[in-house]
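*Asks:* What follows is a structure written as structure tokens; I'll ask about it next.
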Amino acid sequence: MADSDLKTILLSLTPLALGLFGAILLVTPLRLFQGIVPTPIFPLAVIFFWSIYGPKYLPAPATFVIGVTQDLLMGGPFGVWASVYLVAQFVAQTQRQYFYGRDQHVVWMGFCIATVAAGLLLWIEMSLISRAALPVLPLFAQMGTTMLLYPMLSLAFSSVHKRVIVER
Amino acid sequence: MDVLGQSRQEGVGRKETRRTSLVFLMSFSFVMVIFSLYGANASVFDKARSTLLDFAAPVLNVLSKPVKWVDGRIGDVQDYVNVMEQNKQLREENDELRIWMNEALSLRRQVSYYERVYEMQPLPGAQFTDARVIGETNGPYTRAMILNAGRAQGVKAGNAVVNAEGMLGHIIEAGQGASRLLLLTDFNSSTPVVVEGADVEAILAGRFNNRPQLRFLERRDGVVLQPGMRVVTSGAGGVLPRGLPIGEVSRVTEKMITVDLYANYQSTDLVRVVNFDFPKDVTSEEEQAPEAAEGGDTNG
């Protein structure tokens, strides 16, 4: 049916919209707790979650769009966040068989591994571009915040996924 | 709570046809990164960045409002709690400032007298554009802010940006109605400065924390840098005006000299873009020759 096709397409845009919202959040002056806590990398959680539970709702081009938008919004070198997000998606999708339907603690561990991989890649790419070994502390702080926040985000995402997208 | 994907059969096991596009886009983005290695400032990237900046500015403007409202309320509560202490502090500061004001006024008179006596050509003044911070780049490896003023308001790449406390950084990208301000703490930020009291010129380089360092110091015998010495822009390079306050030397070790910035980024909301045009009528000898000839003709 054309009608239901359109609906599927529109609904499947939800993860993309959430990812783009996350990218915009990263350039909003949130200054959490007087700026001590860095803004979590919200799109990373979106990408990991839907790579496990609904890859067809977040295809690689959507991830690419989120990454490139973030690159342009942040004003950094082109392609860095796009590659980081796509690698995180690759890690998640290749391990999907294992994580799908597992206890949330296990999935959380999976997210932490994907985040470490993403962080490592980000550090390597940014260090290469800056032609210097960049400090790792800001990276640890931001990735750590994202990891700690994942269980909460995952709860919210599963509710969105079940009620809005899959419509059970 | 039921766990998503509990019946593990659903969805898994289907042929993953999406993997190909994922691998392709992954490779493509790596190529882009390699390209960025050699052409990070390629004009096509700059154009894309400033276009998206203009698109995102209205969204950021709307988003930043509730964030600032909440921030303001938190600030209010803190103010109520500390009202007595703040009052005392402000009184003391006011007394101190009054003394400084009188001194500044008499110094101003003296300077204008000397300028008249020596027939000095005063430096061109800078133009200021007021702007509001509507965005702040919160990545681990970028320290930047987005301002709601762009080319239409006269903001240009290279302009310094200050707030009431001191210099914040400089504009690296100017869209039509928004611009990006690279903070002094960013790794890619390097600002020519001079350490007052020691008259030592250096480059202030960001290192992704609140204390940038002084590099490429022009070493002089007998000159010792000490914590507390003021660091201001030197104006070398002709992009920034001389004397914008930046901070104070905070720690001096064998390896590194760090600077405490005057500006507090966490409470920065309103800023001023300093549009400074360095006097450019200094011409080289080749350029001067025909001009002199022309001048001779008209005079003769």
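Here's how to read the names in the structure tokens: chain A, B, ... by the order shown, residue numbers from 1 in each chain, ligand numbers from 1 in the order shown.
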Could you please tell me, as a ChimeraX atom specification, which residues of chain A have an atom within 8 Å of chain B when using only C-alpha atoms?
*Replies:* /A:24,26-31,34-35,38-39,53,59-61,64,72-80,82-83,86-87,90,96-97,100-104,125-126,128-130,135,138-139,142,158
*Asks:* Leaving out A:Thr69 and any residue of its chain fewer than 4 positions from it, which residues lie within 8 Å of it when counting only C-alpha atoms, given as a VMD selection string?
*Replies:* chain A and resid 20 23 65 73
*Asks:* Just to be explicit: take each residue in the selection above, keep N, CA and C atoms, and write the result as an mmCIF file, in the first residue's frame.
*Replies:*
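So part.cif came out as:
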```
data_model
loop_
_atom_site.group_PDB
_atom_site.id
_atom_site.type_symbol
_atom_site.label_atom_id
_atom_site.label_comp_id
_atom_site.auth_asym_id
_atom_site.auth_seq_id
_atom_site.Cartn_x
_atom_site.Cartn_y
_atom_site.Cartn_z
ATOM 1 N N LEU A 20 19.700 14.089 14.414
ATOM 2 C CA LEU A 20 19.970 15.482 14.041
ATOM 3 C C LEU A 20 19.738 16.406 15.226
ATOM 4 N N ALA A 23 22.700 16.273 17.306
ATOM 5 C CA ALA A 23 23.812 17.053 16.725
ATOM 6 C C ALA A 23 23.626 18.539 17.056
ATOM 7 N N VAL A 65 24.323 11.335 7.148
ATOM 8 C CA VAL A 65 23.751 12.686 7.189
ATOM 9 C C VAL A 65 23.921 13.300 8.587
ATOM 10 N N LEU A 73 28.141 21.700 11.575
ATOM 11 C CA LEU A 73 27.668 22.545 12.672
ATOM 12 C C LEU A 73 28.797 22.891 13.624
#
```
*Asks:* Can you list, as an MDAnalysis selection string, every residue of stretch 33-258 of chain B that DSSP puts in helix (DSSP H, G or I)?
*Replies:* chainID B and resid 33:39 43:81 83:118 151:153
*Asks:* Work out how far atom CA of B:Gln127 is from atom CA of B:Leu270, in Å to one decimal.
*Replies:*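 Computing the Euclidean distance for atom CA of B:Leu270 and atom CA of B:Gln127 yields 16.3 Å.
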*Asks:* Measure the distance from atom CA of B:Val252 to atom CA of B:Ser234 in Å and round it to one decimal.
*Replies:*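 Separating atom CA of B:Val252 from atom CA of B:Ser234 is a distance of 20.2 Å.
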*Asks:* Among stretch 6-230 of chain B, which residues carry a DSSP assignment of strand (DSSP E), reported as a tab-separated table (two decimals) with all heavy atoms, in the first residue's frame?
*Replies:*
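The file below, states18.tsv, is the result:
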```tsv
chain	number	residue	atom	x	y	z
B	127	GLN	N	35.86	49.46	15.54
B	127	GLN	CA	34.40	49.48	15.56
B	127	GLN	C	33.92	48.27	16.34
B	127	GLN	O	34.52	47.21	16.25
B	127	GLN	CB	33.85	49.39	14.13
B	127	GLN	CG	34.35	50.46	13.20
B	127	GLN	CD	33.69	51.79	13.50
B	127	GLN	OE1	32.49	51.85	13.68
B	127	GLN	NE2	34.49	52.84	13.59
B	128	PHE	N	32.85	48.42	17.09
B	128	PHE	CA	32.34	47.28	17.86
B	128	PHE	C	30.97	46.85	17.35
B	128	PHE	O	30.15	47.69	17.00
B	128	PHE	CB	32.22	47.65	19.34
B	128	PHE	CG	33.55	47.89	20.00
B	128	PHE	CD1	34.04	49.17	20.16
B	128	PHE	CD2	34.31	46.83	20.44
B	128	PHE	CE1	35.26	49.40	20.75
B	128	PHE	CE2	35.54	47.04	21.04
B	128	PHE	CZ	36.02	48.33	21.20
B	129	THR	N	30.76	45.55	17.31
B	129	THR	CA	29.44	45.02	16.97
B	129	THR	C	29.00	44.16	18.15
B	129	THR	O	29.73	43.24	18.53
B	129	THR	CB	29.50	44.14	15.70
B	129	THR	OG1	30.14	44.89	14.67
B	129	THR	CG2	28.12	43.72	15.25
B	130	ASP	N	27.83	44.46	18.69
B	130	ASP	CA	27.34	43.64	19.80
B	130	ASP	C	26.70	42.37	19.26
B	130	ASP	O	26.04	42.39	18.23
B	130	ASP	CB	26.30	44.42	20.61
B	130	ASP	CG	26.95	45.58	21.36
B	130	ASP	OD1	28.12	45.42	21.73
B	130	ASP	OD2	26.30	46.62	21.55
B	131	ALA	N	26.91	41.27	19.96
B	131	ALA	CA	26.31	40.01	19.52
B	131	ALA	C	25.97	39.16	20.74
B	131	ALA	O	26.45	39.42	21.85
B	131	ALA	CB	27.26	39.26	18.61
B	132	ARG	N	25.13	38.16	20.50
B	132	ARG	CA	24.70	37.27	21.56
B	132	ARG	C	25.21	35.86	21.23
B	132	ARG	O	25.25	35.48	20.06
B	132	ARG	CB	23.17	37.28	21.59
B	132	ARG	CG	22.55	36.68	22.81
B	132	ARG	CD	21.06	36.90	22.75
B	132	ARG	NE	20.67	38.14	23.42
B	132	ARG	CZ	20.49	38.24	24.74
B	132	ARG	NH1	20.67	37.18	25.52
B	132	ARG	NH2	20.14	39.37	25.29
B	133	VAL	N	25.58	35.12	22.25
B	133	VAL	CA	26.02	33.74	22.03
B	133	VAL	C	24.78	32.87	21.87
B	133	VAL	O	23.96	32.78	22.78
B	133	VAL	CB	26.86	33.23	23.22
B	133	VAL	CG1	27.23	31.77	23.04
B	133	VAL	CG2	28.11	34.08	23.40
B	134	ILE	N	24.61	32.27	20.68
B	134	ILE	CA	23.44	31.40	20.50
B	134	ILE	C	23.84	29.93	20.44
B	134	ILE	O	23.00	29.04	20.49
B	134	ILE	CB	22.63	31.77	19.24
B	134	ILE	CG1	23.53	31.83	18.01
B	134	ILE	CG2	21.89	33.08	19.43
B	134	ILE	CD1	22.75	31.90	16.71
B	135	GLY	N	25.12	29.68	20.33
B	135	GLY	CA	25.56	28.28	20.28
B	135	GLY	C	26.94	28.12	20.86
B	135	GLY	O	27.72	29.07	20.93
B	136	GLU	N	27.21	26.90	21.30
B	136	GLU	CA	28.53	26.62	21.86
B	136	GLU	C	28.89	25.22	21.43
B	136	GLU	O	28.15	24.28	21.71
B	136	GLU	CB	28.45	26.73	23.38
B	136	GLU	CG	29.79	26.76	24.03
B	136	GLU	CD	29.70	27.07	25.52
B	136	GLU	OE1	28.73	27.74	25.92
B	136	GLU	OE2	30.57	26.61	26.25
B	137	THR	N	30.01	25.09	20.75
B	137	THR	CA	30.39	23.77	20.27
B	137	THR	C	30.91	22.95	21.44
B	137	THR	O	31.86	23.35	22.11
B	137	THR	CB	31.47	23.90	19.19
B	137	THR	OG1	30.92	24.71	18.17
B	137	THR	CG2	31.83	22.57	18.61
B	144	ALA	N	34.43	26.34	20.55
B	144	ALA	CA	33.96	27.45	19.73
B	144	ALA	C	32.58	27.88	20.18
B	144	ALA	O	31.90	27.16	20.92
B	144	ALA	CB	33.93	27.04	18.27
B	145	MET	N	32.19	29.07	19.76
B	145	MET	CA	30.85	29.57	20.07
B	145	MET	C	30.23	30.08	18.77
B	145	MET	O	30.95	30.43	17.83
B	145	MET	CB	30.92	30.71	21.07
B	145	MET	CG	31.12	30.25	22.50
B	145	MET	SD	31.23	31.65	23.60
B	145	MET	CE	31.44	30.81	25.17
B	146	ILE	N	28.91	30.13	18.74
B	146	ILE	CA	28.23	30.67	17.57
B	146	ILE	C	27.53	31.97	17.98
B	146	ILE	O	26.84	32.00	19.00
B	146	ILE	CB	27.23	29.64	17.00
B	146	ILE	CG1	27.99	28.38	16.56
B	146	ILE	CG2	26.47	30.22	15.81
B	146	ILE	CD1	27.11	27.21	16.21
B	147	LEU	N	27.78	33.02	17.23
B	147	LEU	CA	27.21	34.33	17.55
B	147	LEU	C	26.13	34.70	16.55
B	147	LEU	O	26.18	34.27	15.39
B	147	LEU	CB	28.31	35.40	17.51
B	147	LEU	CG	29.59	35.11	18.27
B	147	LEU	CD1	30.56	36.27	18.09
B	147	LEU	CD2	29.30	34.91	19.75
B	160	ALA	N	38.57	40.10	16.48
B	160	ALA	CA	38.65	39.63	17.88
B	160	ALA	C	37.27	39.76	18.52
B	160	ALA	O	36.46	40.57	18.08
B	160	ALA	CB	39.64	40.49	18.63
B	161	VAL	N	37.01	38.93	19.52
B	161	VAL	CA	35.74	39.01	20.25
B	161	VAL	C	36.05	39.14	21.74
B	161	VAL	O	36.87	38.39	22.28
B	161	VAL	CB	34.86	37.77	19.99
B	161	VAL	CG1	33.55	37.87	20.73
B	161	VAL	CG2	34.60	37.60	18.50
B	162	VAL	N	35.42	40.12	22.37
B	162	VAL	CA	35.68	40.35	23.80
B	162	VAL	C	34.36	40.35	24.56
B	162	VAL	O	33.30	40.53	23.96
B	162	VAL	CB	36.40	41.70	24.04
B	162	VAL	CG1	37.76	41.72	23.41
B	162	VAL	CG2	35.57	42.87	23.52
B	167	MET	N	39.38	39.20	26.43
B	167	MET	CA	39.22	38.62	25.10
B	167	MET	C	38.77	37.16	25.19
B	167	MET	O	39.19	36.41	26.08
B	167	MET	CB	40.55	38.69	24.35
B	167	MET	CG	40.44	38.22	22.93
B	167	MET	SD	41.95	38.52	22.01
B	167	MET	CE	41.70	37.45	20.61
B	168	LEU	N	37.87	36.77	24.26
B	168	LEU	CA	37.35	35.40	24.24
B	168	LEU	C	38.02	34.57	23.14
B	168	LEU	O	38.28	33.39	23.31
B	168	LEU	CB	35.85	35.41	23.96
B	168	LEU	CG	34.95	36.08	24.99
B	168	LEU	CD1	33.60	36.36	24.37
B	168	LEU	CD2	34.80	35.21	26.21
B	169	GLY	N	38.25	35.21	22.00
B	169	GLY	CA	38.83	34.49	20.87
B	169	GLY	C	38.68	35.32	19.62
B	169	GLY	O	38.51	36.53	19.70
B	170	HIS	N	38.70	34.64	18.47
B	170	HIS	CA	38.50	35.40	17.22
B	170	HIS	C	37.57	34.67	16.28
B	170	HIS	O	37.38	33.45	16.38
B	170	HIS	CB	39.85	35.73	16.57
B	170	HIS	CG	40.54	34.55	16.00
B	170	HIS	ND1	41.37	33.74	16.74
B	170	HIS	CD2	40.52	34.02	14.76
B	170	HIS	CE1	41.82	32.77	15.97
B	170	HIS	NE2	41.32	32.92	14.77
B	171	ILE	N	36.99	35.43	15.36
B	171	ILE	CA	36.02	34.88	14.41
B	171	ILE	C	36.77	34.06	13.36
B	171	ILE	O	37.76	34.51	12.81
B	171	ILE	CB	35.25	36.02	13.70
B	171	ILE	CG1	34.51	36.89	14.71
B	171	ILE	CG2	34.32	35.49	12.62
B	171	ILE	CD1	33.29	36.28	15.32
B	172	ILE	N	36.30	32.82	13.12
B	172	ILE	CA	36.95	32.04	12.07
B	172	ILE	C	36.05	31.87	10.85
B	172	ILE	O	36.52	31.49	9.79
B	172	ILE	CB	37.41	30.64	12.56
B	172	ILE	CG1	36.31	29.95	13.36
B	172	ILE	CG2	38.69	30.72	13.33
B	172	ILE	CD1	36.56	28.46	13.51
B	173	GLU	N	34.77	32.12	11.04
B	173	GLU	CA	33.84	31.92	9.94
B	173	GLU	C	32.72	32.92	10.09
B	173	GLU	O	32.15	33.03	11.17
B	173	GLU	CB	33.23	30.54	10.11
B	173	GLU	CG	33.27	29.65	8.94
B	173	GLU	CD	32.90	28.28	9.42
B	173	GLU	OE1	31.73	28.10	9.77
B	173	GLU	OE2	33.78	27.44	9.51
B	174	ALA	N	32.42	33.65	9.04
B	174	ALA	CA	31.31	34.60	9.13
B	174	ALA	C	30.28	34.28	8.07
B	174	ALA	O	30.56	34.36	6.88
B	174	ALA	CB	31.84	36.02	8.98
B	179	SER	N	28.02	33.88	13.04
B	179	SER	CA	29.45	33.64	12.85
B	179	SER	C	29.97	32.69	13.92
B	179	SER	O	29.32	32.48	14.94
B	179	SER	CB	30.21	34.97	12.90
B	179	SER	OG	29.83	35.68	14.04
B	180	ARG	N	31.13	32.11	13.62
B	180	ARG	CA	31.72	31.15	14.57
B	180	ARG	C	32.95	31.77	15.21
B	180	ARG	O	33.82	32.30	14.53
B	180	ARG	CB	32.10	29.86	13.84
B	180	ARG	CG	32.35	28.70	14.80
B	180	ARG	CD	32.88	27.50	14.06
B	180	ARG	NE	32.06	27.14	12.93
B	180	ARG	CZ	30.94	26.42	13.02
B	180	ARG	NH1	30.52	25.98	14.17
B	180	ARG	NH2	30.25	26.13	11.94
B	181	LEU	N	32.96	31.69	16.53
B	181	LEU	CA	34.06	32.27	17.31
B	181	LEU	C	34.92	31.15	17.86
B	181	LEU	O	34.44	30.29	18.61
B	181	LEU	CB	33.43	33.10	18.46
B	181	LEU	CG	34.20	33.30	19.74
B	181	LEU	CD1	35.42	34.16	19.49
B	181	LEU	CD2	33.32	33.97	20.79
B	182	LEU	N	36.19	31.12	17.46
B	182	LEU	CA	37.13	30.11	17.98
B	182	LEU	C	37.68	30.64	19.30
B	182	LEU	O	38.26	31.73	19.34
B	182	LEU	CB	38.26	29.88	16.98
B	182	LEU	CG	39.17	28.71	17.31
B	182	LEU	CD1	38.46	27.38	17.02
B	182	LEU	CD2	40.46	28.77	16.51
B	183	LEU	N	37.49	29.88	20.38
B	183	LEU	CA	37.92	30.35	21.70
B	183	LEU	C	39.43	30.22	21.86
B	183	LEU	O	40.07	29.40	21.19
B	183	LEU	CB	37.19	29.56	22.79
B	183	LEU	CG	35.67	29.64	22.75
B	183	LEU	CD1	35.07	28.80	23.86
B	183	LEU	CD2	35.19	31.08	22.86
B	190	SER	N	45.83	30.38	18.02
B	190	SER	CA	47.11	30.96	18.45
B	190	SER	C	47.02	32.47	18.26
B	190	SER	O	46.64	32.94	17.20
B	190	SER	CB	48.29	30.36	17.71
B	190	SER	OG	47.93	30.03	16.41
B	191	THR	N	47.31	33.18	19.33
B	191	THR	CA	47.13	34.63	19.35
B	191	THR	C	48.45	35.30	19.72
B	191	THR	O	49.05	34.93	20.74
B	191	THR	CB	46.07	34.99	20.42
B	191	THR	OG1	44.96	34.10	20.25
B	191	THR	CG2	45.60	36.41	20.28
B	192	PRO	N	48.89	36.27	18.93
B	192	PRO	CA	50.12	36.99	19.32
B	192	PRO	C	49.85	37.87	20.54
B	192	PRO	O	48.93	38.68	20.54
B	192	PRO	CB	50.45	37.83	18.08
B	192	PRO	CG	49.23	37.86	17.24
B	192	PRO	CD	48.37	36.71	17.63
B	193	VAL	N	50.65	37.67	21.58
B	193	VAL	CA	50.44	38.41	22.83
B	193	VAL	C	51.73	39.03	23.32
B	193	VAL	O	52.82	38.72	22.82
B	193	VAL	CB	49.88	37.50	23.95
B	193	VAL	CG1	48.51	36.97	23.59
B	193	VAL	CG2	50.83	36.37	24.26
B	194	VAL	N	51.59	39.89	24.29
B	194	VAL	CA	52.77	40.44	24.94
B	194	VAL	C	52.53	40.38	26.45
B	194	VAL	O	51.41	40.57	26.90
B	194	VAL	CB	53.05	41.87	24.42
B	194	VAL	CG1	51.91	42.82	24.71
B	194	VAL	CG2	54.33	42.44	24.98
B	195	VAL	N	53.57	40.00	27.18
B	195	VAL	CA	53.45	39.94	28.63
B	195	VAL	C	53.88	41.29	29.18
B	195	VAL	O	55.03	41.70	29.03
B	195	VAL	CB	54.32	38.81	29.22
B	195	VAL	CG1	54.11	38.71	30.73
B	195	VAL	CG2	54.02	37.49	28.56
B	200	VAL	N	57.67	40.85	26.96
B	200	VAL	CA	58.07	39.67	26.21
B	200	VAL	C	56.92	39.32	25.26
B	200	VAL	O	55.78	39.26	25.67
B	200	VAL	CB	58.33	38.49	27.17
B	200	VAL	CG1	58.50	37.20	26.40
B	200	VAL	CG2	59.58	38.77	27.98
B	201	GLU	N	57.26	39.13	23.98
B	201	GLU	CA	56.22	38.74	23.02
B	201	GLU	C	56.16	37.22	22.94
B	201	GLU	O	57.18	36.55	23.07
B	201	GLU	CB	56.55	39.32	21.65
B	201	GLU	CG	56.54	40.83	21.66
B	201	GLU	CD	55.88	41.43	20.43
B	201	GLU	OE1	55.39	40.67	19.58
B	201	GLU	OE2	55.85	42.68	20.35
B	202	ALA	N	54.96	36.70	22.72
B	202	ALA	CA	54.80	35.25	22.64
B	202	ALA	C	53.52	34.94	21.87
B	202	ALA	O	52.80	35.84	21.46
B	202	ALA	CB	54.71	34.66	24.03
B	203	ILE	N	53.28	33.66	21.69
B	203	ILE	CA	52.03	33.21	21.07
B	203	ILE	C	51.25	32.47	22.14
B	203	ILE	O	51.78	31.58	22.80
B	203	ILE	CB	52.33	32.25	19.88
B	203	ILE	CG1	53.08	32.96	18.76
B	203	ILE	CG2	51.05	31.60	19.37
B	203	ILE	CD1	52.24	33.86	17.89
B	204	LEU	N	49.99	32.85	22.31
B	204	LEU	CA	49.13	32.15	23.27
B	204	LEU	C	48.46	31.00	22.52
B	204	LEU	O	47.72	31.24	21.56
B	204	LEU	CB	48.09	33.11	23.84
B	204	LEU	CG	47.21	32.52	24.93
B	204	LEU	CD1	47.96	32.48	26.24
B	204	LEU	CD2	45.93	33.32	25.10
B	205	ALA	N	48.73	29.79	22.94
B	205	ALA	CA	48.19	28.62	22.22
B	205	ALA	C	47.25	27.85	23.12
B	205	ALA	O	47.57	27.55	24.28
B	205	ALA	CB	49.34	27.73	21.78
B	213	GLN	N	48.62	28.05	26.92
B	213	GLN	CA	50.03	28.23	27.28
B	213	GLN	C	50.70	29.26	26.38
B	213	GLN	O	50.24	29.53	25.27
B	213	GLN	CB	50.76	26.90	27.17
B	213	GLN	CG	50.70	26.28	25.79
B	213	GLN	CD	51.69	25.13	25.66
B	213	GLN	OE1	52.78	25.17	26.21
B	213	GLN	NE2	51.32	24.12	24.91
B	214	LEU	N	51.80	29.81	26.87
B	214	LEU	CA	52.59	30.75	26.09
B	214	LEU	C	53.67	29.96	25.36
B	214	LEU	O	54.40	29.19	25.96
B	214	LEU	CB	53.25	31.79	26.99
B	214	LEU	CG	52.32	32.81	27.65
B	214	LEU	CD1	53.12	33.73	28.55
B	214	LEU	CD2	51.59	33.63	26.61
B	215	ARG	N	53.74	30.15	24.04
B	215	ARG	CA	54.76	29.42	23.26
B	215	ARG	C	55.60	30.39	22.45
B	215	ARG	O	55.24	31.53	22.27
B	215	ARG	CB	54.07	28.43	22.33
B	215	ARG	CG	53.41	27.31	23.11
B	215	ARG	CD	52.62	26.44	22.20
B	215	ARG	NE	53.47	25.72	21.28
B	215	ARG	CZ	53.01	25.07	20.22
B	215	ARG	NH1	51.74	25.07	19.96
B	215	ARG	NH2	53.83	24.42	19.43
B	230	ARG	N	50.32	40.57	33.58
B	230	ARG	CA	49.21	40.68	32.65
B	230	ARG	C	49.62	40.28	31.24
B	230	ARG	O	50.71	40.62	30.77
B	230	ARG	CB	48.72	42.13	32.62
B	230	ARG	CG	47.34	42.34	33.21
B	230	ARG	CD	47.09	43.80	33.44
B	230	ARG	NE	47.01	44.53	32.17
B	230	ARG	CZ	45.84	44.82	31.57
B	230	ARG	NH1	44.70	44.42	32.11
B	230	ARG	NH2	45.82	45.49	30.44
```
*Asks:* Between A:Gly110, A:Val84, A:Lys7, A:Thr145, which has the minimum distance to A:Tyr98 (counting only C-alpha atoms)?
*Replies:*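 Residue with the minimum atom-to-atom distance to A:Tyr98: A:Gly110.
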*Asks:* Within 9 Å of A:Ala88, counting only C-alpha atoms, which residues qualify if same-chain residues fewer than 4 places away don't, as a PDB file with C-alpha atoms, in the first residue's frame?
*Replies:*
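For reference, out-v2.pdb as written:
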```pdb
ATOM      1  CA  LEU A  44      26.024   8.067  19.266  1.00  0.00           C
ATOM      2  CA  ILE A  47      22.896   5.254  16.261  1.00  0.00           C
ATOM      3  CA  PHE A  48      23.875   2.379  18.553  1.00  0.00           C
ATOM      4  CA  SER A  83      33.327   8.301  10.008  1.00  0.00           C
ATOM      5  CA  VAL A  84      33.129   7.983  13.808  1.00  0.00           C
ATOM      6  CA  ALA A  92      27.010  -2.386  16.545  1.00  0.00           C
ATOM      7  CA  GLN A  93      25.620  -4.067  13.436  1.00  0.00           C
ATOM      8  CA  PHE A 111      27.554   0.499  23.913  1.00  0.00           C
ATOM      9  CA  ALA A 114      31.385   0.939  20.659  1.00  0.00           C
ATOM     10  CA  THR A 115      31.956   4.292  22.396  1.00  0.00           C
ATOM     11  CA  ALA A 117      36.100   2.411  19.540  1.00  0.00           C
ATOM     12  CA  ALA A 118      34.476   5.649  18.382  1.00  0.00           C
TER      13      ALA A 118
END
```
*Asks:* Could you tell me how far atom CA of B:Gly166 sits from atom CA of B:Phe276, in Å to one decimal place?
*Replies:*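 Separation between atom CA of B:Phe276 and atom CA of B:Gly166: 16.1 Å.
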